[in-house]
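Presented below is the structure to which this report refers.
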Amino acid sequence: MLRVFRHYIPGITFVVIALDVSIVSATASLAGALGSWPGGGALWPKAACLVAVVLLCLYLADLYRLERHGRRELSARLLSALLSAAVITAAIGYAVPAFRFGRLAFGQTFLLLTVALGAWRSVWVTLDPGQRLRKRVLVLGVGPDAAQIVALRATGAQPYDVLGFLDDAPEAPERVPNGCELLGKSRDLLSLVDELRPDLVLVALADMRRSFP
């Protein structure tokens with residue numbers, strides 16, 4: 001998990017964004033290669049605008065939290081996002097001719113986008129179906145049981161992922177189990193819950209009487 005502008009972002013999100021950028025750019029170029037008139041002017045401003053609009057719509061549709069959606073919900077969100085992107089792209093092209101696609105190229109581009117983005121996200125769900133069933137746990141406290149909490153992630157009846165730990169103790173960074181992160185202090189709990197959206201906050205404080213927020 002990476003920290004960007006004081007926000008924690010899973011590393012896989014950057015991989016997903018990079019794949020989306022590649023797919024959107026490729027489909028815009030492919031539509032022109034198929035013989036469709038891409039519109040007046042250079043292609044790259046249109047492609048850049050398309051990438052920005054599609055990524056924004058995918059983000060607003062919550063499609064960068066792949067583990068949170070089943071196949072049907074994923075399809076519905078993707079279609080909704082691409083429909084919104086098509087409307088916005090058409091409106092921008094109408095207002096700014098430099099960003100306007102030819103009609104056939106526009107239709108081919110969004111058809112290819114629907115197929116390509118839908119296909120790779122379906123592959124993700126197929127290859128990692130169990131990920132959607134795993135609980136996402138934020139642990140408050142790096143107490144004596146911290147290592148055991150991490151060790152039991154995949155062995156219990158309900159598998160889970162540890163998003164990270166919160167603790168106020170000065171020695172907390174040294175007590176965090178290997179492979180996990182200290183995300184902040186107890187005062188950061190509410191902001192991290194809002195940001196990371198864990199399924200469960202597990203309290204593992206060594207002394208709840210003094211440390212519980």
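Scheme for the structure tokens: letters A, B, ... for chains in order shown; per-chain residue numbers from 1; ligand numbers from 1 in order shown.
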### Shell of 10 Å around Ala28 in chain A, only C-alpha atoms, local chain residues under 6 positions omitted, as a list of chain:residue names
A:Pro38, A:Leu43, A:Trp44, A:Lys46, A:Ala47, A:Ala48, A:Leu50, A:Val51, A:Phe101, A:Ala105, A:Phe106, A:Gln108, A:Thr109, A:Phe110, A:Leu112, A:Leu113
Produce a file of the selected residues containing N, CA and C atoms, as a JSON list (two decimals), in the first residue's frame.
```json
[["chain", "number", "residue", "atom", "x", "y", "z"],
["A", 38, "PRO", "N", -10.98, 9.58, -38.06],
["A", 38, "PRO", "CA", -10.94, 9.93, -36.63],
["A", 38, "PRO", "C", -11.34, 11.36, -36.33],
["A", 43, "LEU", "N", -4.61, 13.05, -33.78],
["A", 43, "LEU", "CA", -5.34, 12.05, -32.99],
["A", 43, "LEU", "C", -5.00, 12.13, -31.51],
["A", 44, "TRP", "N", -3.75, 12.51, -31.17],
["A", 44, "TRP", "CA", -3.33, 12.40, -29.77],
["A", 44, "TRP", "C", -4.13, 13.29, -28.81],
["A", 46, "LYS", "N", -7.29, 13.95, -28.97],
["A", 46, "LYS", "CA", -8.54, 13.22, -28.78],
["A", 46, "LYS", "C", -8.33, 12.02, -27.86],
["A", 47, "ALA", "N", -7.22, 11.30, -28.10],
["A", 47, "ALA", "CA", -6.93, 10.13, -27.27],
["A", 47, "ALA", "C", -6.67, 10.53, -25.82],
["A", 48, "ALA", "N", -5.94, 11.63, -25.62],
["A", 48, "ALA", "CA", -5.65, 12.09, -24.26],
["A", 48, "ALA", "C", -6.93, 12.50, -23.54],
["A", 50, "LEU", "N", -9.92, 11.40, -24.22],
["A", 50, "LEU", "CA", -10.69, 10.17, -24.00],
["A", 50, "LEU", "C", -10.17, 9.42, -22.78],
["A", 51, "VAL", "N", -8.85, 9.32, -22.65],
["A", 51, "VAL", "CA", -8.26, 8.64, -21.49],
["A", 51, "VAL", "C", -8.70, 9.31, -20.20],
["A", 101, "PHE", "N", -14.21, 13.25, -32.37],
["A", 101, "PHE", "CA", -14.00, 12.06, -33.19],
["A", 101, "PHE", "C", -15.01, 12.05, -34.33],
["A", 105, "ALA", "N", -15.74, 6.40, -36.03],
["A", 105, "ALA", "CA", -14.60, 6.16, -35.13],
["A", 105, "ALA", "C", -15.05, 6.24, -33.68],
["A", 106, "PHE", "N", -15.94, 7.17, -33.38],
["A", 106, "PHE", "CA", -16.46, 7.31, -32.02],
["A", 106, "PHE", "C", -17.20, 6.03, -31.59],
["A", 108, "GLN", "N", -16.96, 2.98, -32.93],
["A", 108, "GLN", "CA", -16.04, 1.85, -32.86],
["A", 108, "GLN", "C", -15.17, 1.90, -31.60],
["A", 109, "THR", "N", -14.74, 3.10, -31.24],
["A", 109, "THR", "CA", -13.89, 3.25, -30.06],
["A", 109, "THR", "C", -14.60, 2.78, -28.80],
["A", 110, "PHE", "N", -15.84, 3.20, -28.61],
["A", 110, "PHE", "CA", -16.54, 2.82, -27.38],
["A", 110, "PHE", "C", -17.01, 1.37, -27.42],
["A", 112, "LEU", "N", -15.17, -1.04, -28.82],
["A", 112, "LEU", "CA", -13.94, -1.74, -28.46],
["A", 112, "LEU", "C", -13.62, -1.57, -26.98],
["A", 113, "LEU", "N", -13.86, -0.38, -26.45],
["A", 113, "LEU", "CA", -13.62, -0.15, -25.03],
["A", 113, "LEU", "C", -14.49, -1.05, -24.16]]
```
Please report, as a JSON list (two decimals) with all heavy atoms, in the first residue's frame, each residue of range 18-207 of chain A to which DSSP assigns strand (DSSP E) when run on this structure's backbone.
```json
[["chain", "number", "residue", "atom", "x", "y", "z"],
["A", 135, "LYS", "N", -12.46, -10.58, 4.00],
["A", 135, "LYS", "CA", -12.73, -9.37, 4.75],
["A", 135, "LYS", "C", -11.47, -8.50, 4.78],
["A", 135, "LYS", "O", -10.35, -8.99, 4.81],
["A", 135, "LYS", "CB", -13.15, -9.71, 6.18],
["A", 135, "LYS", "CG", -14.44, -10.49, 6.29],
["A", 135, "LYS", "CD", -15.63, -9.66, 5.86],
["A", 135, "LYS", "CE", -16.93, -10.42, 6.09],
["A", 135, "LYS", "NZ", -18.11, -9.65, 5.64],
["A", 136, "ARG", "N", -11.69, -7.21, 4.79],
["A", 136, "ARG", "CA", -10.59, -6.24, 4.85],
["A", 136, "ARG", "C", -10.57, -5.67, 6.26],
["A", 136, "ARG", "O", -11.52, -5.01, 6.68],
["A", 136, "ARG", "CB", -10.78, -5.17, 3.79],
["A", 136, "ARG", "CG", -10.88, -5.75, 2.39],
["A", 136, "ARG", "CD", -11.34, -4.76, 1.34],
["A", 136, "ARG", "NE", -10.32, -3.78, 1.02],
["A", 136, "ARG", "CZ", -10.38, -2.50, 1.32],
["A", 136, "ARG", "NH1", -11.43, -2.01, 1.97],
["A", 136, "ARG", "NH2", -9.40, -1.68, 0.99],
["A", 137, "VAL", "N", -9.49, -5.93, 6.99],
["A", 137, "VAL", "CA", -9.43, -5.64, 8.42],
["A", 137, "VAL", "C", -8.39, -4.56, 8.70],
["A", 137, "VAL", "O", -7.25, -4.63, 8.23],
["A", 137, "VAL", "CB", -9.09, -6.92, 9.21],
["A", 137, "VAL", "CG1", -8.95, -6.61, 10.70],
["A", 137, "VAL", "CG2", -10.16, -7.98, 8.99],
["A", 138, "LEU", "N", -8.80, -3.58, 9.48],
["A", 138, "LEU", "CA", -7.90, -2.55, 9.99],
["A", 138, "LEU", "C", -7.72, -2.82, 11.48],
["A", 138, "LEU", "O", -8.71, -2.96, 12.21],
["A", 138, "LEU", "CB", -8.50, -1.17, 9.76],
["A", 138, "LEU", "CG", -7.66, 0.05, 10.18],
["A", 138, "LEU", "CD1", -6.37, 0.12, 9.37],
["A", 138, "LEU", "CD2", -8.46, 1.33, 10.00],
["A", 139, "VAL", "N", -6.48, -2.92, 11.94],
["A", 139, "VAL", "CA", -6.20, -3.32, 13.31],
["A", 139, "VAL", "C", -5.79, -2.11, 14.13],
["A", 139, "VAL", "O", -4.84, -1.40, 13.77],
["A", 139, "VAL", "CB", -5.10, -4.40, 13.37],
["A", 139, "VAL", "CG1", -4.90, -4.87, 14.81],
["A", 139, "VAL", "CG2", -5.47, -5.59, 12.49],
["A", 140, "LEU", "N", -6.49, -1.89, 15.23],
["A", 140, "LEU", "CA", -6.17, -0.81, 16.15],
["A", 140, "LEU", "C", -5.35, -1.38, 17.30],
["A", 140, "LEU", "O", -5.86, -2.09, 18.15],
["A", 140, "LEU", "CB", -7.46, -0.16, 16.68],
["A", 140, "LEU", "CG", -7.29, 0.97, 17.69],
["A", 140, "LEU", "CD1", -6.50, 2.13, 17.08],
["A", 140, "LEU", "CD2", -8.66, 1.45, 18.17],
["A", 160, "TYR", "N", -9.16, -13.17, 5.64],
["A", 160, "TYR", "CA", -9.19, -11.71, 5.68],
["A", 160, "TYR", "C", -7.82, -11.17, 5.29],
["A", 160, "TYR", "O", -6.82, -11.88, 5.29],
["A", 160, "TYR", "CB", -9.59, -11.21, 7.07],
["A", 160, "TYR", "CG", -8.71, -11.68, 8.20],
["A", 160, "TYR", "CD1", -7.57, -10.97, 8.58],
["A", 160, "TYR", "CD2", -9.02, -12.85, 8.90],
["A", 160, "TYR", "CE1", -6.77, -11.41, 9.63],
["A", 160, "TYR", "CE2", -8.22, -13.29, 9.95],
["A", 160, "TYR", "CZ", -7.09, -12.57, 10.31],
["A", 160, "TYR", "OH", -6.30, -13.01, 11.34],
["A", 161, "ASP", "N", -7.80, -9.90, 4.95],
["A", 161, "ASP", "CA", -6.57, -9.18, 4.65],
["A", 161, "ASP", "C", -6.38, -8.08, 5.68],
["A", 161, "ASP", "O", -7.34, -7.37, 6.01],
["A", 161, "ASP", "CB", -6.62, -8.55, 3.25],
["A", 161, "ASP", "CG", -6.57, -9.59, 2.15],
["A", 161, "ASP", "OD1", -5.81, -10.57, 2.30],
["A", 161, "ASP", "OD2", -7.29, -9.43, 1.14],
["A", 162, "VAL", "N", -5.18, -7.95, 6.18],
["A", 162, "VAL", "CA", -4.87, -6.89, 7.14],
["A", 162, "VAL", "C", -4.41, -5.65, 6.37],
["A", 162, "VAL", "O", -3.37, -5.67, 5.71],
["A", 162, "VAL", "CB", -3.78, -7.34, 8.14],
["A", 162, "VAL", "CG1", -3.40, -6.18, 9.06],
["A", 162, "VAL", "CG2", -4.27, -8.53, 8.95],
["A", 163, "LEU", "N", -5.20, -4.60, 6.43],
["A", 163, "LEU", "CA", -4.85, -3.36, 5.72],
["A", 163, "LEU", "C", -3.69, -2.64, 6.38],
["A", 163, "LEU", "O", -2.90, -1.97, 5.71],
["A", 163, "LEU", "CB", -6.07, -2.44, 5.67],
["A", 163, "LEU", "CG", -7.30, -2.99, 4.96],
["A", 163, "LEU", "CD1", -8.45, -2.00, 5.05],
["A", 163, "LEU", "CD2", -6.99, -3.30, 3.50],
["A", 164, "GLY", "N", -3.59, -2.76, 7.70],
["A", 164, "GLY", "CA", -2.52, -2.09, 8.43],
["A", 164, "GLY", "C", -2.88, -1.94, 9.89],
["A", 164, "GLY", "O", -3.95, -2.37, 10.34],
["A", 165, "PHE", "N", -1.97, -1.33, 10.64],
["A", 165, "PHE", "CA", -2.13, -1.16, 12.08],
["A", 165, "PHE", "C", -2.12, 0.32, 12.45],
["A", 165, "PHE", "O", -1.52, 1.15, 11.76],
["A", 165, "PHE", "CB", -0.98, -1.87, 12.82],
["A", 165, "PHE", "CG", -1.04, -3.37, 12.76],
["A", 165, "PHE", "CD1", -0.56, -4.05, 11.66],
["A", 165, "PHE", "CD2", -1.59, -4.09, 13.82],
["A", 165, "PHE", "CE1", -0.60, -5.45, 11.61],
["A", 165, "PHE", "CE2", -1.64, -5.48, 13.77],
["A", 165, "PHE", "CZ", -1.14, -6.16, 12.67],
["A", 166, "LEU", "N", -2.77, 0.60, 13.58],
["A", 166, "LEU", "CA", -2.73, 1.94, 14.19],
["A", 166, "LEU", "C", -2.30, 1.76, 15.63],
["A", 166, "LEU", "O", -2.79, 0.87, 16.34],
["A", 166, "LEU", "CB", -4.10, 2.61, 14.14],
["A", 166, "LEU", "CG", -4.75, 2.83, 12.78],
["A", 166, "LEU", "CD1", -6.17, 3.34, 12.95],
["A", 166, "LEU", "CD2", -3.95, 3.82, 11.98],
["A", 182, "LEU", "N", 2.42, 0.28, 9.62],
["A", 182, "LEU", "CA", 1.83, 1.13, 10.64],
["A", 182, "LEU", "C", 1.29, 2.36, 9.92],
["A", 182, "LEU", "O", 2.05, 3.19, 9.43],
["A", 182, "LEU", "CB", 2.89, 1.52, 11.68],
["A", 182, "LEU", "CG", 2.38, 2.35, 12.86],
["A", 182, "LEU", "CD1", 1.43, 1.53, 13.73],
["A", 182, "LEU", "CD2", 3.55, 2.88, 13.70],
["A", 183, "LEU", "N", -0.02, 2.47, 9.85],
["A", 183, "LEU", "CA", -0.65, 3.52, 9.05],
["A", 183, "LEU", "C", -0.83, 4.83, 9.79],
["A", 183, "LEU", "O", -1.10, 5.86, 9.15],
["A", 183, "LEU", "CB", -2.01, 3.03, 8.54],
["A", 183, "LEU", "CG", -1.99, 1.77, 7.68],
["A", 183, "LEU", "CD1", -3.40, 1.40, 7.25],
["A", 183, "LEU", "CD2", -1.09, 1.94, 6.48],
["A", 184, "GLY", "N", -0.71, 4.81, 11.10],
["A", 184, "GLY", "CA", -0.88, 6.05, 11.84],
["A", 184, "GLY", "C", -1.16, 5.78, 13.30],
["A", 184, "GLY", "O", -0.87, 4.71, 13.83],
["A", 200, "LEU", "N", -13.97, -4.46, 8.74],
["A", 200, "LEU", "CA", -13.92, -4.68, 10.18],
["A", 200, "LEU", "C", -12.75, -3.91, 10.77],
["A", 200, "LEU", "O", -11.67, -3.86, 10.17],
["A", 200, "LEU", "CB", -13.75, -6.18, 10.46],
["A", 200, "LEU", "CG", -13.57, -6.62, 11.91],
["A", 200, "LEU", "CD1", -14.87, -6.40, 12.68],
["A", 200, "LEU", "CD2", -13.16, -8.09, 11.97],
["A", 201, "VAL", "N", -12.98, -3.29, 11.92],
["A", 201, "VAL", "CA", -11.90, -2.70, 12.71],
["A", 201, "VAL", "C", -11.68, -3.60, 13.91],
["A", 201, "VAL", "O", -12.58, -3.76, 14.75],
["A", 201, "VAL", "CB", -12.23, -1.26, 13.15],
["A", 201, "VAL", "CG1", -11.12, -0.72, 14.06],
["A", 201, "VAL", "CG2", -12.40, -0.35, 11.95],
["A", 202, "LEU", "N", -10.52, -4.19, 13.99],
["A", 202, "LEU", "CA", -10.20, -5.13, 15.06],
["A", 202, "LEU", "C", -9.38, -4.41, 16.13],
["A", 202, "LEU", "O", -8.32, -3.84, 15.83],
["A", 202, "LEU", "CB", -9.41, -6.31, 14.50],
["A", 202, "LEU", "CG", -9.00, -7.40, 15.48],
["A", 202, "LEU", "CD1", -10.22, -8.05, 16.11],
["A", 202, "LEU", "CD2", -8.15, -8.45, 14.77],
["A", 203, "VAL", "N", -9.86, -4.41, 17.35],
["A", 203, "VAL", "CA", -9.17, -3.75, 18.45],
["A", 203, "VAL", "C", -8.22, -4.75, 19.11],
["A", 203, "VAL", "O", -8.65, -5.78, 19.62],
["A", 203, "VAL", "CB", -10.17, -3.20, 19.49],
["A", 203, "VAL", "CG1", -9.42, -2.54, 20.65],
["A", 203, "VAL", "CG2", -11.12, -2.21, 18.83]]
```
### Task
In Å, rounded to a single decimal, give me how far CA of Glu174 in chain A is from CA of Asp145 in chain A.
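Distance between the two atoms: 14.4 Å.
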#### Entry: Closest of A:Gly93, A:Gly40, A:Gly118, A:Gly107 to Arg71 in chain A - atom-to-atom distances counting only C-alpha atoms
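Distance minimum relative to Arg71 in chain A lands on A:Gly118.
Picture a line from CA of Val115 in chain A to CA of Thr13 in chain A; it runs 20.7 Å.
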### Query
What separation in Å, quoted to one decimal, exists between CA of Ser186 in chain A and CA of Asp167 in chain A?
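Pair CA of Ser186 in chain A / CA of Asp167 in chain A returns 5.8 Å.
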#### Entry: Using only C-alpha atoms: which of A:Cys49, A:Thr114, A:Val193, A:Leu104 has the shortest distance to Ile92 in chain A
A:Cys49
